[in-house]
Amino acid sequence: MTERLKLRRARLQDSRALAQVHIETWRHTYAGMVPDQYLASMTLDEQARCWRHWINTSGARESILLVETLPEDKAPEQNRIVGFGHAGPARIRTPNRSGEVYTLYVDVDWQGQGIGRQLLHQLFAGLIEAGMDSAMIWVLASNPSRFFYEAVGGQRIAERRERFAGVLLDEIAYSWPDLNALQALKPGV
């Protein structure tokens, strides 16, 4: 079987598949960082409800993009979402950071194949189209995937300690101060 990939905007009917990727990546990536009982309590129904809400209420300046497989020998309804990202105006504005990537998840089995780079590239394009010229993202400091953001040109700009699920977590903010310059580069896929 040959699989191609397609990047597109998320639709309401995608909410359950987004929730599945969200839960799987959290359980794999955050094991040992976030309390096990919190990870075990994440339900598909609850997360799908959250993603339906975000898709339904995303404004013109926000993008929820996904990457799905397009198996050549299967019907379109058998496509599988393997990654997604959500970006828009910075929730907490900082100097020279007008946009924010809220989430960027790639299914564990599909990591290392350039999907994250593609998503980030297109999320940045959406931020530029919405009138934003810079972006940032907050990630857990103990998360090995933080090095991905450094590899795609993110600059460390801040650190914070946040309480989540009853524990204190250290977070790092990465920034891209000039999205227009980054868009001139290929996404590296």
# chains A, B, ... in the order shown; residues from 1 in each chain; ligands from 1

$ residues_around --residues "region 102-115 of chain A" --least-positions-apart "6" --cutoff "7 Å" --atoms "only C-alpha atoms" --output "number ranges by chain"
A: 21-22, 25, 82-87, 137, 188-189

$ select_by_dssp --residues "region 1-105 of chain A" --states "alpha helix (DSSP H)" --output "PyMOL selection string"
chain A and resi 15-29+36-41+44-57

$ write_last_selection --atoms "C-alpha atoms" --output "compact mmCIF listing (two decimals), in the first residue's frame"
# COMPACT_ATOMS: atom_id res chain seq x y z
CA SER A 15 -12.79 16.43 15.89
CA ARG A 16 -12.76 12.79 17.00
CA ALA A 17 -9.67 11.97 14.93
CA LEU A 18 -7.89 15.09 16.24
CA ALA A 19 -8.77 13.99 19.77
CA GLN A 20 -7.27 10.55 19.11
CA VAL A 21 -3.96 12.03 17.92
CA HIS A 22 -4.00 14.48 20.85
CA ILE A 23 -4.50 11.74 23.45
CA GLU A 24 -1.98 9.32 21.92
CA THR A 25 0.77 11.94 21.62
CA TRP A 26 0.16 13.20 25.17
CA ARG A 27 0.24 9.71 26.65
CA HIS A 28 3.44 8.87 24.79
CA THR A 29 5.26 12.20 25.13
CA ASP A 36 -0.45 9.15 35.16
CA GLN A 37 -3.98 9.57 36.50
CA TYR A 38 -4.41 12.73 34.40
CA LEU A 39 -3.20 11.00 31.24
CA ALA A 40 -5.44 7.99 31.96
CA SER A 41 -8.44 10.27 32.53
CA LEU A 44 -11.91 10.52 23.44
CA ASP A 45 -15.38 11.99 23.96
CA GLU A 46 -14.11 14.84 26.15
CA GLN A 47 -11.23 15.74 23.83
CA ALA A 48 -13.45 15.47 20.73
CA ARG A 49 -15.88 17.89 22.39
CA CYS A 50 -12.99 20.30 23.03
CA TRP A 51 -11.78 20.09 19.43
CA ARG A 52 -15.33 20.56 18.07
CA HIS A 53 -15.52 23.71 20.17
CA TRP A 54 -12.16 25.02 18.87
CA ILE A 55 -13.04 24.25 15.25
CA ASN A 56 -16.47 25.81 15.63
CA THR A 57 -15.25 28.99 17.35

$ atom_distance --atom1 "CA of Arg11 (chain A)" --atom2 "CA of Met42 (chain A)"
21.7 Å

$ closest_residue --among "A:Gln13, A:Gln122, A:Ser63, A:Ser175" --to "Glu159 (chain A)" --atoms "only C-alpha atoms"
A:Ser175

$ atom_distance --atom1 "CA of Val139 (chain A)" --atom2 "CA of Glu171 (chain A)"
5.4 Å

$ residues_around --residues "Leu168 (chain A)" --least-positions-apart "6" --cutoff "10 Å" --atoms "only C-alpha atoms" --output "list of chain:residue names"
A:Met33, A:Val34, A:Arg160, A:Arg161, A:Glu162

$ residues_around --residues "Val101 (chain A)" --least-positions-apart "4" --cutoff "10 Å" --atoms "only C-alpha atoms" --output "PyMOL selection string"
chain A and resi 62-64+85-91+120+123-124+127+135-138+174-175

$ write_last_selection --atoms "C-alpha atoms" --output "CSV table (one decimal), in the first residue's frame"
chain,number,residue,atom,x,y,z
A,62,GLU,CA,-6.9,31.3,13.5
A,63,SER,CA,-6.0,28.1,11.7
A,64,ILE,CA,-6.5,24.5,12.6
A,85,GLY,CA,-1.6,22.2,14.6
A,86,HIS,CA,-3.6,25.2,15.8
A,87,ALA,CA,-2.3,28.8,15.6
A,88,GLY,CA,-3.7,32.3,15.9
A,89,PRO,CA,-3.1,35.6,17.8
A,90,ALA,CA,-0.8,35.4,20.8
A,91,ARG,CA,-2.9,34.7,23.9
A,120,LEU,CA,4.5,24.7,11.2
A,123,LEU,CA,0.5,27.6,10.3
A,124,PHE,CA,3.1,30.4,9.9
A,127,LEU,CA,-0.5,33.8,10.7
A,135,ALA,CA,5.1,33.8,16.5
A,136,MET,CA,5.9,31.8,19.6
A,137,ILE,CA,5.0,28.5,21.2
A,138,TRP,CA,5.2,27.2,24.8
A,174,TYR,CA,10.3,29.5,21.5
A,175,SER,CA,10.0,32.5,19.2

$ residues_around --residues "Thr69 (chain A)" --least-positions-apart "5" --cutoff "8 Å" --atoms "only C-alpha atoms" --output "list in words"
Glu3, Arg4, Leu5, Lys6, Asn79, Arg80, Ile81 and Val82 of chain A

$ select_by_dssp --residues "chain A" --states "strand (DSSP E)" --output "PyMOL selection string"
chain A and resi 3-9+63-71+81-94+97-106+135-140+155-164+167-176

$ atom_distance --atom1 "CA of Tyr149 (chain A)" --atom2 "CA of Leu70 (chain A)"
27.1 Å
